[in-house]
>>> print(open('input07.cif').read())   # mmCIF, C-alpha atoms and all ligand atoms
data_entry
#
loop_
_atom_site.label_atom_id
_atom_site.label_comp_id
_atom_site.auth_asym_id
_atom_site.auth_seq_id
_atom_site.Cartn_x
_atom_site.Cartn_y
_atom_site.Cartn_z
CA MET A 60 0.00 0.00 0.00
CA GLU A 61 1.08 3.60 -0.45
CA SER A 62 3.97 4.25 1.89
CA TYR A 63 3.01 7.88 2.42
CA LYS A 64 -0.15 6.66 4.17
CA ASN A 65 1.80 4.29 6.41
CA PRO A 66 0.30 4.57 9.94
CA TYR A 67 3.25 3.08 11.85
CA ARG A 68 5.74 5.29 13.64
CA PRO A 69 9.07 3.54 14.20
CA GLY A 70 11.51 6.02 15.74
CA ALA A 71 12.91 7.40 18.97
CA GLY A 72 10.09 8.91 21.02
CA THR A 73 7.77 9.18 18.00
CA LYS A 74 4.16 9.16 19.13
CA PRO A 75 2.37 6.03 17.87
CA LEU A 76 -1.19 6.32 16.53
CA VAL A 77 -2.26 4.08 19.40
CA ILE A 78 -0.42 4.07 22.75
CA ALA A 79 -1.14 0.49 23.75
CA GLY A 80 -1.04 -1.06 27.20
CA ARG A 81 0.29 1.75 29.37
CA GLU A 82 -2.92 2.63 31.22
CA PHE A 83 -1.46 1.73 34.61
CA GLU A 84 1.57 4.00 34.24
CA ILE A 85 -0.47 6.87 32.79
CA GLU A 86 -3.03 6.69 35.60
CA LYS A 87 -0.30 6.55 38.19
CA ALA A 88 1.28 9.71 36.79
CA ARG A 89 -2.05 11.48 36.51
CA SER A 90 -2.85 10.75 40.12
CA LEU A 91 0.62 11.89 41.25
CA LEU A 92 0.20 15.19 39.40
CA LYS A 93 -3.25 15.74 40.87
CA SER A 94 -2.07 14.94 44.41
CA VAL A 95 0.88 17.33 44.31
CA LYS A 96 -1.37 20.06 42.92
CA PHE A 97 -3.77 19.39 45.78
CA GLY A 98 -0.91 19.78 48.26
CA SER A 99 -0.25 16.20 49.32
CA PRO A 100 3.37 15.08 48.94
CA GLN A 101 4.10 12.08 46.73
CA ARG A 102 7.07 10.09 45.51
CA SER A 103 8.35 11.14 42.10
CA LEU A 104 8.51 8.55 39.31
CA MET A 105 11.46 6.69 37.83
CA LEU A 106 10.48 4.74 34.71
CA TYR A 107 13.10 2.24 33.60
CA GLY A 108 13.36 -0.32 30.85
CA LEU A 109 15.18 -1.56 27.76
CA ARG A 110 15.76 0.44 24.58
CA GLY A 111 12.67 0.96 22.42
CA VAL A 112 10.20 -0.16 25.06
CA GLY A 113 8.32 3.14 24.99
CA LYS A 114 9.72 5.23 27.87
CA THR A 115 10.02 8.49 25.94
CA VAL A 116 6.56 8.08 24.43
CA LEU A 117 5.22 7.63 27.95
CA LEU A 118 7.16 10.62 29.24
CA ASN A 119 5.76 12.80 26.44
CA GLU A 120 2.24 11.60 27.11
CA ILE A 121 2.58 12.41 30.83
CA GLU A 122 3.99 15.81 29.89
CA ARG A 123 0.88 16.48 27.84
CA ILE A 124 -1.27 15.54 30.82
CA SER A 125 0.79 17.77 33.13
CA GLU A 126 0.20 20.71 30.84
CA ASP A 127 -3.55 20.00 30.84
CA GLU A 128 -3.33 20.04 34.64
CA GLY A 129 -1.73 23.49 34.46
CA TYR A 130 1.84 22.48 35.35
CA ILE A 131 4.89 24.39 34.18
CA SER A 132 6.83 21.59 32.48
CA GLU A 133 10.51 21.31 31.61
CA HIS A 134 11.73 18.44 29.46
CA LEU A 135 15.42 17.52 29.67
CA GLU A 136 17.15 14.82 27.69
CA MET A 137 20.56 13.89 29.05
CA SER A 138 23.35 12.60 26.85
CA GLU A 139 26.58 10.83 27.61
CA ASN A 140 28.76 13.90 28.14
CA ASP A 141 26.26 16.39 29.56
CA ASP A 142 27.08 18.34 32.69
CA PHE A 143 23.91 18.21 34.78
CA ARG A 144 24.76 21.41 36.66
CA ARG A 145 24.73 23.34 33.41
CA VAL A 146 21.59 21.67 32.05
CA ILE A 147 19.59 22.13 35.21
CA ALA A 148 20.69 25.76 35.70
CA LYS A 149 19.16 26.71 32.36
CA ALA A 150 15.99 24.76 33.06
CA VAL A 151 15.52 26.28 36.52
CA ARG A 152 15.96 29.78 35.12
CA LYS A 153 13.30 29.10 32.50
CA CYS A 154 10.92 27.79 35.16
CA LEU A 155 11.48 30.77 37.43
CA LEU A 156 10.63 33.15 34.63
CA LYS A 157 7.41 31.23 34.08
CA VAL A 158 6.57 31.41 37.79
CA ASP A 159 6.81 35.21 37.84
CA LYS A 160 7.18 37.82 35.13
CA VAL A 161 10.67 39.28 35.26
CA GLU A 162 9.48 42.79 36.14
CA ASN A 163 7.27 41.41 38.84
CA LEU A 164 9.44 38.97 40.80
CA LYS A 165 8.22 38.20 44.31
CA ASP A 166 10.52 37.64 47.31
CA LYS A 167 10.96 33.89 47.00
CA ALA A 168 11.62 34.14 43.28
CA VAL A 169 14.33 36.74 43.83
CA ASN A 170 15.81 34.47 46.49
CA ALA A 171 15.72 31.51 44.08
CA LEU A 172 17.41 33.57 41.38
CA SER A 173 20.20 34.56 43.72
CA ILE A 174 20.75 30.91 44.66
CA LEU A 175 20.69 30.02 40.97
CA LYS A 176 23.34 32.65 40.36
CA ALA A 177 25.51 31.19 43.13
CA PHE A 178 24.88 27.72 41.65
CA THR A 179 26.10 28.79 38.20
CA LEU A 180 29.15 30.68 39.50
CA VAL A 181 30.82 27.44 40.57
CA ILE A 182 30.57 25.99 37.03
CA PRO A 183 33.96 26.28 35.33
CA ASP A 184 33.32 28.28 32.14
CA GLY A 185 29.72 28.47 33.37
CA PRO A 186 26.86 29.35 31.08
CA GLU A 187 26.10 33.03 30.64
CA LEU A 188 22.73 33.26 32.33
CA LYS A 189 21.46 36.81 32.56
CA ILE A 190 20.61 37.09 36.25
CA ASP A 191 20.37 40.62 37.63
CA VAL A 192 20.62 39.77 41.31
CA GLU A 193 23.44 39.32 43.81
CA ALA A 194 24.63 35.74 44.16
CA ALA A 195 23.55 34.10 47.41
CA VAL A 196 26.26 33.19 49.88
CA GLY A 197 26.19 29.80 51.58
CA LEU A 198 23.37 28.31 49.53
CA GLY A 199 23.82 26.51 46.23
CA ASP A 200 27.48 27.52 46.06
CA SER A 201 29.36 24.77 47.90
CA GLY A 202 30.52 23.11 44.68
CA ASP A 203 29.09 19.79 45.89
CA LEU A 204 26.49 19.06 43.27
CA ASP A 205 24.22 16.97 45.47
CA THR A 206 23.78 19.51 48.26
CA ASP A 207 23.70 22.48 45.86
CA LEU A 208 20.88 20.83 43.91
CA VAL A 209 18.82 20.49 47.07
CA ASP A 210 19.27 24.22 47.85
CA LEU A 211 18.31 25.13 44.30
CA PHE A 212 15.21 22.94 44.05
CA VAL A 213 13.95 23.94 47.48
CA ALA A 214 14.30 27.62 46.54
CA LEU A 215 12.52 26.99 43.24
CA GLY A 216 9.76 25.09 45.04
CA GLU A 217 9.26 27.94 47.50
CA ALA A 218 9.06 30.44 44.65
CA ALA A 219 6.51 28.25 42.87
CA LYS A 220 4.44 27.89 46.03
CA GLU A 221 4.47 31.64 46.59
CA GLY A 222 3.37 32.19 42.98
CA LYS A 223 0.71 29.43 43.26
CA LYS A 224 2.32 27.47 40.43
CA TYR A 225 3.43 23.82 40.15
CA ILE A 226 6.34 22.48 38.19
CA CYS A 227 7.10 19.11 36.64
CA PHE A 228 10.58 18.17 35.39
CA PHE A 229 10.78 15.40 32.81
CA ILE A 230 14.27 13.95 32.68
CA ASP A 231 14.93 11.41 29.93
CA GLU A 232 18.03 9.17 29.57
CA VAL A 233 18.62 9.60 33.29
CA GLN A 234 21.23 6.79 33.28
CA TYR A 235 23.69 9.39 31.98
CA LEU A 236 23.54 11.39 35.24
CA SER A 237 26.64 11.19 37.38
CA GLU A 238 26.28 9.45 40.72
CA GLN A 239 26.39 12.81 42.46
CA ALA A 240 23.72 14.33 40.24
CA MET A 241 21.51 11.29 40.78
CA SER A 242 21.90 11.41 44.54
CA GLY A 243 21.24 15.17 44.44
CA LEU A 244 18.05 14.56 42.51
CA ILE A 245 16.90 11.92 44.97
CA ALA A 246 17.75 14.09 47.98
CA SER A 247 15.98 17.08 46.38
CA SER A 248 12.87 15.05 45.80
CA HIS A 249 12.99 14.06 49.48
CA ARG A 250 13.29 17.64 50.76
CA ILE A 251 10.59 18.82 48.39
CA SER A 252 8.07 16.31 49.64
CA GLN A 253 9.01 16.95 53.30
CA LYS A 254 8.30 20.62 52.73
CA THR A 255 5.22 19.93 50.54
CA LEU A 256 6.58 22.01 47.70
CA PRO A 257 4.91 21.83 44.28
CA ILE A 258 7.66 20.15 42.23
CA VAL A 259 7.46 16.70 40.62
CA PHE A 260 10.23 14.78 38.85
CA ILE A 261 9.36 12.20 36.25
CA CYS A 262 12.47 10.43 35.01
CA ALA A 263 13.10 7.70 32.45
CA GLY A 264 16.17 5.65 31.73
CA LEU A 265 17.80 2.32 31.03
CA PRO A 266 17.61 -0.43 33.66
CA GLN A 267 20.96 0.59 35.16
CA VAL A 268 19.08 3.32 37.05
CA ALA A 269 17.49 0.63 39.19
CA ALA A 270 20.74 -1.21 39.73
CA LEU A 271 21.54 0.41 43.06
CA SER A 272 22.23 -2.09 45.75
CA GLY A 273 21.59 -2.53 49.47
CA ASP A 274 21.02 0.60 51.55
CA ALA A 275 21.27 2.98 48.62
CA LYS A 276 18.47 1.04 46.94
CA SER A 277 16.08 1.00 49.86
CA TYR A 278 16.78 4.70 50.47
CA ALA A 279 16.10 5.59 46.81
CA GLU A 280 12.99 3.44 46.66
CA ARG A 281 11.47 5.25 49.61
CA LEU A 282 11.85 8.54 47.78
CA PHE A 283 11.23 7.60 44.15
CA ASP A 284 8.64 5.23 42.79
CA PHE A 285 10.63 2.89 40.48
CA ILE A 286 8.36 1.58 37.74
CA PRO A 287 9.66 -1.07 35.34
CA ILE A 288 8.50 -0.54 31.77
CA GLY A 289 8.50 -3.93 30.08
CA PRO A 290 7.43 -5.33 26.72
CA LEU A 291 3.72 -4.99 26.00
CA ALA A 292 1.54 -7.71 27.49
CA LYS A 293 -0.38 -10.11 25.28
CA GLY A 294 -3.36 -8.28 23.88
CA ALA A 295 -1.68 -4.88 24.21
CA ASP A 296 0.94 -5.94 21.64
CA GLU A 297 -1.91 -6.92 19.32
CA LEU A 298 -3.57 -3.56 19.83
CA ALA A 299 -0.28 -1.79 19.03
CA LEU A 300 -0.16 -3.73 15.74
CA ILE A 301 -3.78 -3.66 14.56
CA GLY A 302 -4.88 -0.34 16.12
CA PRO A 303 -3.04 1.92 13.63
CA VAL A 304 -4.23 0.04 10.50
CA ALA A 305 -7.81 -0.34 11.76
CA GLN A 306 -8.14 3.42 11.42
CA PHE A 307 -7.70 2.90 7.66
CA SER A 308 -10.01 -0.16 7.47
CA VAL A 309 -7.00 -2.40 6.91
CA GLU A 310 -6.61 -5.73 8.72
CA TYR A 311 -4.26 -8.67 9.09
CA GLU A 312 -4.97 -12.34 8.44
CA ASP A 313 -4.50 -14.21 11.73
CA GLY A 314 -1.36 -16.02 10.53
CA ALA A 315 0.17 -12.73 9.36
CA LYS A 316 -0.58 -10.99 12.63
CA ASN A 317 0.84 -13.84 14.71
CA LYS A 318 4.04 -13.92 12.67
CA ILE A 319 4.74 -10.28 13.53
CA LEU A 320 3.77 -10.61 17.16
CA GLU A 321 6.02 -13.64 17.59
CA GLU A 322 8.94 -11.88 16.00
CA ALA A 323 8.48 -8.58 17.92
CA LYS A 324 8.12 -10.27 21.33
CA GLY A 325 6.04 -7.40 22.68
CA TYR A 326 8.65 -4.69 22.06
CA PRO A 327 6.86 -1.56 20.78
CA TYR A 328 9.69 -0.38 18.58
CA PHE A 329 9.83 -3.72 16.75
CA ILE A 330 6.04 -3.80 16.37
CA GLN A 331 6.22 -0.40 14.68
CA GLU A 332 9.09 -1.50 12.39
CA PHE A 333 7.54 -4.83 11.39
CA GLY A 334 4.13 -3.19 10.92
CA CYS A 335 5.66 -0.47 8.79
CA TYR A 336 7.28 -2.99 6.42
CA ALA A 337 4.12 -5.11 6.31
CA TRP A 338 2.04 -2.12 5.24
CA ASN A 339 4.49 -1.26 2.47
CA GLU A 340 4.55 -4.88 1.28
CA ALA A 341 0.77 -5.43 1.28
CA ALA A 342 -1.10 -5.34 -2.01
CA ASN A 343 -4.53 -4.67 -0.55
CA THR A 344 -6.51 -4.10 2.64
CA VAL A 345 -6.09 -7.59 4.07
CA ILE A 346 -2.41 -8.15 4.86
CA ASN A 347 -1.60 -11.85 4.37
CA GLU A 348 0.96 -14.29 5.72
CA ARG A 349 3.03 -14.50 2.55
CA GLU A 350 3.44 -10.73 2.50
CA VAL A 351 4.47 -10.68 6.16
CA THR A 352 7.05 -13.45 5.62
CA GLU A 353 8.66 -11.20 3.05
CA SER A 354 8.27 -7.93 4.98
CA ASN A 355 9.63 -9.40 8.22
CA LYS A 356 12.74 -10.45 6.34
CA LYS A 357 13.20 -6.93 4.98
CA ALA A 358 12.53 -5.40 8.41
CA ILE A 359 15.16 -7.57 10.08
CA GLU A 360 17.72 -6.71 7.39
CA ALA A 361 16.98 -3.03 7.89
CA LEU A 362 17.25 -3.31 11.68
CA ASP A 363 20.59 -5.08 11.31
CA ARG A 364 21.86 -2.30 9.04
CA SER A 365 20.72 0.57 11.27
CA PHE A 366 19.14 0.21 14.73
CA PHE A 367 21.38 -2.65 15.86
CA LYS A 368 24.49 -1.69 13.92
CA VAL A 369 24.83 1.91 15.15
CA ARG A 370 25.40 0.58 18.63
CA MET A 371 28.05 -1.89 17.52
CA ASP A 372 29.80 0.93 15.66
CA ARG A 373 30.11 2.95 18.87
CA ALA A 374 31.86 0.12 20.72
CA THR A 375 35.63 -0.32 21.01
CA SER A 376 37.10 -3.62 19.82
CA ALA A 377 37.38 -4.91 23.40
CA GLU A 378 33.73 -3.99 24.03
CA LYS A 379 32.65 -5.72 20.81
CA LYS A 380 34.48 -8.85 21.81
CA PHE A 381 32.80 -8.79 25.22
CA MET A 382 29.34 -8.50 23.63
CA LYS A 383 30.11 -11.31 21.18
CA ALA A 384 31.19 -13.51 24.07
CA MET A 385 27.86 -12.74 25.78
CA SER A 386 25.87 -13.67 22.65
CA SER A 387 27.83 -16.89 22.19
CA LEU A 388 26.27 -18.03 25.46
CA GLY A 389 22.71 -17.85 24.05
CA LYS A 390 19.93 -15.83 25.67
CA GLY A 391 20.65 -13.49 28.63
CA PRO A 392 21.02 -12.66 31.40
CA TYR A 393 24.62 -13.85 31.51
CA LYS A 394 26.83 -14.62 34.49
CA SER A 395 29.89 -12.36 34.33
CA ALA A 396 31.97 -15.40 35.26
CA ASP A 397 30.71 -17.26 32.15
CA VAL A 398 31.53 -14.29 29.93
CA ALA A 399 35.02 -14.16 31.46
CA SER A 400 35.56 -17.83 30.77
CA LYS A 401 34.45 -17.42 27.12
CA LEU A 402 37.03 -14.64 26.86
CA ASN A 403 39.67 -16.84 28.56
CA LYS A 404 40.11 -14.20 31.23
CA LYS A 405 39.87 -13.91 34.98
CA LEU A 406 36.65 -12.41 36.29
CA GLN A 407 38.41 -9.35 37.78
CA SER A 408 40.16 -8.51 34.54
CA ILE A 409 36.91 -8.09 32.55
CA GLY A 410 35.62 -5.50 35.08
CA PRO A 411 36.85 -2.37 33.27
CA VAL A 412 35.30 -3.32 29.89
CA ARG A 413 32.09 -4.33 31.60
CA ALA A 414 32.03 -0.92 33.34
CA THR A 415 32.44 1.08 30.13
CA LEU A 416 29.75 -1.02 28.43
CA ILE A 417 27.42 -0.13 31.30
CA SER A 418 28.29 3.57 31.26
CA LYS A 419 27.77 3.73 27.49
CA GLY A 420 24.36 2.15 28.00
CA PHE A 421 24.99 -1.10 26.03
CA VAL A 422 24.59 -3.53 28.91
CA PHE A 423 23.28 -3.47 32.46
CA SER A 424 23.49 -5.66 35.50
CA PRO A 425 20.09 -7.19 36.33
CA GLN A 426 21.57 -8.46 39.57
CA HIS A 427 24.93 -8.90 41.23
CA GLY A 428 27.34 -10.86 39.04
CA GLU A 429 25.12 -10.76 35.94
CA VAL A 430 24.97 -8.76 32.73
CA ASP A 431 22.45 -8.42 29.95
CA PHE A 432 21.92 -6.28 26.85
CA THR A 433 19.90 -3.05 27.12
CA VAL A 434 18.67 -3.55 23.54
CA PRO A 435 16.08 -6.30 23.18
CA LEU A 436 17.02 -9.16 20.84
CA TYR A 437 20.61 -7.90 20.59
CA ASP A 438 22.02 -11.37 21.18
CA GLU A 439 20.17 -12.63 18.10
CA TYR A 440 21.51 -9.74 16.02
CA ILE A 441 25.08 -10.62 16.98
CA ARG A 442 24.58 -14.32 16.28
CA ARG A 443 23.05 -13.50 12.86
CA ASN A 444 25.84 -11.17 11.81
CA PHE A 445 29.14 -12.20 13.37
CA ASP A 446 31.40 -15.20 13.38
CA LEU A 447 31.49 -16.46 16.96
CA SER A 448 33.57 -19.58 16.34
CA GLU A 449 36.44 -18.24 18.50
CA PHE A 450 34.15 -18.64 21.55
CA LYS A 451 33.30 -22.31 20.98
N1 LIG B 1 2.63 1.95 24.14
C1 LIG B 1 3.01 1.92 22.85
N2 LIG B 1 2.19 1.41 21.91
C2 LIG B 1 2.60 1.39 20.62
N3 LIG B 1 3.78 1.84 20.18
C3 LIG B 1 4.63 2.35 21.08
C4 LIG B 1 4.29 2.42 22.46
N4 LIG B 1 5.32 2.97 23.13
C5 LIG B 1 6.27 3.23 22.22
N5 LIG B 1 5.86 2.88 20.98
C6 LIG B 1 6.69 2.98 19.76
O1 LIG B 1 7.94 2.36 20.06
C7 LIG B 1 9.05 3.09 19.57
C8 LIG B 1 10.03 3.37 20.68
O2 LIG B 1 9.46 4.22 21.66
P1 LIG B 1 10.35 5.15 22.61
O3 LIG B 1 11.31 5.94 21.80
O4 LIG B 1 9.44 5.86 23.52
O5 LIG B 1 11.18 4.04 23.42
P2 LIG B 1 12.26 4.28 24.57
O6 LIG B 1 11.99 3.29 25.64
O7 LIG B 1 12.29 5.71 24.95
O8 LIG B 1 13.60 3.88 23.83
P3 LIG B 1 15.11 4.40 24.15
O9 LIG B 1 15.57 3.69 25.39
O10 LIG B 1 15.91 3.95 22.95
O11 LIG B 1 15.08 5.88 24.30
C9 LIG B 1 8.47 4.32 18.87
O12 LIG B 1 8.45 4.04 17.50
C10 LIG B 1 7.05 4.42 19.40
O13 LIG B 1 6.17 4.95 18.45
MG MG B 2 13.75 7.16 24.87
#
>>> encode(input="input07.cif", output="C-alpha cells", more="lines below")
Ligand SMILES: Nc1ncnc2c1ncn2[C@@H]1O[C@H](COP(=O)(O)OP(=O)(O)OP(=O)(O)O)[C@@H](O)[C@H]1O
Ligand SMILES: [Mg+2]
Amino acid sequence: MESYKNPYRPGAGTKPLVIAGREFEIEKARSLLKSVKFGSPQRSLMLYGLRGVGKTVLLNEIERISEDEGYISEHLEMSENDDFRRVIAKAVRKCLLKVDKVENLKDKAVNALSILKAFTLVIPDGPELKIDVEAAVGLGDSGDLDTDLVDLFVALGEAAKEGKKYICFFIDEVQYLSEQAMSGLIASSHRISQKTLPIVFICAGLPQVAALSGDAKSYAERLFDFIPIGPLAKGADELALIGPVAQFSVEYEDGAKNKILEEAKGYPYFIQEFGCYAWNEAANTVINEREVTESNKKAIEALDRSFFKVRMDRATSAEKKFMKAMSSLGKGPYKSADVASKLNKKLQSIGPVRATLISKGFVFSPQHGEVDFTVPLYDEYIRRNFDLSEFK
C-alpha cells in the first residue's frame, strides 16, 4: 500500500497512533500530578526499561497531561557527556521566569534567582545566564552538586508555592547522570516532599538506574517510585499492531498478525518496524501471511543495518568482543563469570570493559554478578551477523 499513508511510527520517542497497554503508568502519573497540585506530597517517578520499550513516548504523554493540569513543564534529555549542573541551571531559570514575570518577581523568586546565580558561578566556564541579582552566599554555592541541587530545588519550590504554580521536570536518559547528580536529585525530591513544595520529577532511563544495591536502593525506593516498563503484554501488543491500520479499514490475516507478534516479542519499537514494512509490502486491505514473511525479512535486514548496527559501531574492539562472548552463550542474562571464561580471562580482569559497556548504555546488570543487553534481541543480532567460532 502507499507508503506515504503508512500509519506506523518507528523512531525514537515518536508518538504512535495508538499508545497500547500503558494505562497503569499513565493513571499513576495522573494521580501523582493531581495529588501534588492538591498539596499532598508524593514520591516522584522513575520509569526504567530496555531500549525501544516506549519510555520516551510515555514521558511525552505524561507531559501532555501535566500541561492539561496546568503544570509548568521542563523536558530535559541527558546525553553521555552532559554536565547536569549546566543543564539544570538553564531549566531552573526558564521555570522561574514562568513562575513570575521578570518585572514582577516576588521575594521567594528573587531568592531563588540569587541561589541560581551562586549555583552557576561554581561551574567552570559556566553558562552566561542573565541574572540581575546578587549571588547568594552559603546556599547553592558549595561546589558539591548533590547539596547544591537540594538548595536550588527547594528555593525553586518555594518560589513556585508563593506564585501558586506547580512544576514538573521530565528527565529522559537519566542513566547518563553522574552518581552525584543522581543522589542530588533523589535528595531534592525528598526535601521537596518533606516541605510539601509543588515540584514533581518524572524520570526515564535504562535499567541501570534501578541497579543500586543494598542501603542505597532502599533509600532511593522510599523517595522515588521505580516503575519497570517492560514489553507490551499479550493483547496490548496486538492492539499496538492492529490499532493503527484499523483506522484505515485495513486488517491482518490471523497467521500474518501472529508472525509479527512472535517476532516482535512485545517490544513496541519492533512492532512499529515490522508493521511499517508489512504495510508497504501489502497489495490490498487484508495483509496476508506470505506478505508478512517477506516484509519481516526486509525489516530484520533493515534493523541489522541501522538500529542494531549503530550501537556496535560505537563500541571499542574490546567492548565488541565482550558482547560477542555474551551472545555466544545464548539468551541473557549472563553470568559475568561465564563471559570471562568465554574470553579466557579472569573475572576481575573483565571488570573495566564491563564498566564502560554499562556507562555507554549497552549492557546493564540485572543483579549482582550478571549482565544483559539493554537492547532487546541484541544477542540474536550478533549471532546473525558475526562469526562467533572463537568462543566455541
Ligand atoms: N505503548 C506503545 N504502543 C505502541 N507503540 C509504542 C508504544 N510505546 C512506544 N511505541 C513505539 O515504540 C518506539 C520506541 O518508543 P520510545 O522511543 O518511547 O522508546 P524508549 O523506551 O524511549 O527507547 P530508548 O531507550 O531507545 O530511548 C516508537 O516508535 C514508538 O512509536
Ligand atoms: Mg527514549
>>> atom_distance(input="input07.cif", atom1="CA of Ser99 (chain A)", atom2="CA of Ser252 (chain A)")
8.3 Å
>>> closest_residue(input="input07.cif", among="A:Leu172, A:Phe283, A:Val434, A:Val259", to="ligand MG 2 (chain B)", atoms="only C-alpha atoms and all ligand atoms")
A:Val434
>>> residues_around(input="input07.cif", residues="region 260-271 of chain A", least_positions_apart="6", cutoff="8 Å", atoms="all atoms listed in the file", output="PyMOL selection string")
chain A and resi 103-110+114-115+118+227-234+248+285+417+420+423-426+433
>>> closest_residue(input="input07.cif", among="A:Glu126, A:Glu84, A:Glu360, A:Glu136", to="ligand MG 2 (chain B)", atoms="all atoms listed in the file")
A:Glu136
>>> closest_residue(input="input07.cif", among="A:Thr206, A:Asn119, A:Asn317, A:Asn355", to="ligand MG 2 (chain B)", atoms="only C-alpha atoms and all ligand atoms")
A:Asn119
>>> residues_around(input="input07.cif", residues="Lys401 (chain A)", least_positions_apart="4", cutoff="12 Å", atoms="all atoms listed in the file", output="ChimeraX atom specification")
/A:380-388,393-397,405-406,409,447-451
>>> closest_residue(input="input07.cif", among="A:Asn339, A:Gln331, A:Ser247, A:Ser94", to="ligand LIG 1 (chain B)", atoms="all atoms listed in the file")
A:Gln331
>>> closest_residue(input="input07.cif", among="A:Val430, A:Ile441, A:Leu236, A:Ala341", to="Phe367 (chain A)", atoms="all atoms listed in the file")
A:Ile441
>>> residues_near_ligand(input="input07.cif", ligand="ligand LIG 1 (chain B)", cutoff="6 Å", atoms="all atoms listed in the file", output="list of chain:residue names")
A:Arg68, A:Pro69, A:Gly70, A:Ala71, A:Gly72, A:Thr73, A:Lys74, A:Pro75, A:Val77, A:Ile78, A:Ala79, A:Gly80, A:Arg81, A:Leu109, A:Arg110, A:Gly111, A:Val112, A:Gly113, A:Lys114, A:Thr115, A:Val116, A:Ala299, A:Pro327, A:Tyr328, A:Gln331
>>> build_atoms(input="input07.cif", residues="region 326-332 of chain A", atoms="all heavy atoms", output="compact mmCIF listing (two decimals), in the coordinates of the input")
# COMPACT_ATOMS: atom_id res chain seq x y z
N TYR A 326 7.90 -5.93 22.00
CA TYR A 326 8.65 -4.69 22.06
C TYR A 326 8.06 -3.66 21.09
O TYR A 326 8.04 -3.89 19.87
CB TYR A 326 10.14 -4.92 21.77
CG TYR A 326 10.78 -5.62 22.93
CD1 TYR A 326 11.04 -6.99 22.91
CD2 TYR A 326 11.05 -4.92 24.10
CE1 TYR A 326 11.57 -7.63 24.02
CE2 TYR A 326 11.59 -5.56 25.21
CZ TYR A 326 11.83 -6.91 25.16
OH TYR A 326 12.34 -7.53 26.26
N PRO A 327 7.57 -2.53 21.61
CA PRO A 327 6.86 -1.56 20.78
C PRO A 327 7.64 -1.11 19.56
O PRO A 327 7.08 -0.98 18.48
CB PRO A 327 6.61 -0.39 21.74
CG PRO A 327 6.62 -0.99 23.09
CD PRO A 327 7.58 -2.14 23.03
N TYR A 328 8.95 -0.86 19.73
CA TYR A 328 9.69 -0.38 18.58
C TYR A 328 9.66 -1.41 17.44
O TYR A 328 9.49 -1.07 16.27
CB TYR A 328 11.14 -0.05 18.98
CG TYR A 328 11.99 0.30 17.78
CD1 TYR A 328 11.74 1.47 17.07
CD2 TYR A 328 12.99 -0.54 17.33
CE1 TYR A 328 12.47 1.79 15.94
CE2 TYR A 328 13.73 -0.24 16.22
CZ TYR A 328 13.47 0.93 15.52
OH TYR A 328 14.19 1.24 14.40
N PHE A 329 9.82 -2.69 17.79
CA PHE A 329 9.83 -3.72 16.75
C PHE A 329 8.44 -3.87 16.13
O PHE A 329 8.31 -4.10 14.93
CB PHE A 329 10.33 -5.05 17.31
CG PHE A 329 11.77 -5.00 17.76
CD1 PHE A 329 12.17 -5.57 18.96
CD2 PHE A 329 12.72 -4.37 16.98
CE1 PHE A 329 13.50 -5.50 19.38
CE2 PHE A 329 14.06 -4.29 17.39
CZ PHE A 329 14.44 -4.86 18.60
N ILE A 330 7.41 -3.73 16.94
CA ILE A 330 6.04 -3.80 16.37
C ILE A 330 5.86 -2.71 15.32
O ILE A 330 5.36 -2.95 14.23
CB ILE A 330 4.98 -3.68 17.49
CG1 ILE A 330 5.08 -4.87 18.45
CG2 ILE A 330 3.56 -3.56 16.89
CD1 ILE A 330 4.16 -4.82 19.65
N GLN A 331 6.35 -1.50 15.64
CA GLN A 331 6.22 -0.40 14.68
C GLN A 331 7.03 -0.69 13.41
O GLN A 331 6.56 -0.45 12.30
CB GLN A 331 6.71 0.92 15.29
CG GLN A 331 5.94 1.39 16.52
CD GLN A 331 4.51 1.81 16.23
OE1 GLN A 331 4.17 2.23 15.13
NE2 GLN A 331 3.63 1.67 17.22
N GLU A 332 8.25 -1.21 13.57
CA GLU A 332 9.09 -1.50 12.39
C GLU A 332 8.46 -2.60 11.53
O GLU A 332 8.32 -2.44 10.31
CB GLU A 332 10.48 -2.00 12.81
CG GLU A 332 11.58 -1.03 13.01
CD GLU A 332 11.93 -0.04 11.90
OE1 GLU A 332 11.39 -0.10 10.78
OE2 GLU A 332 12.76 0.82 12.19
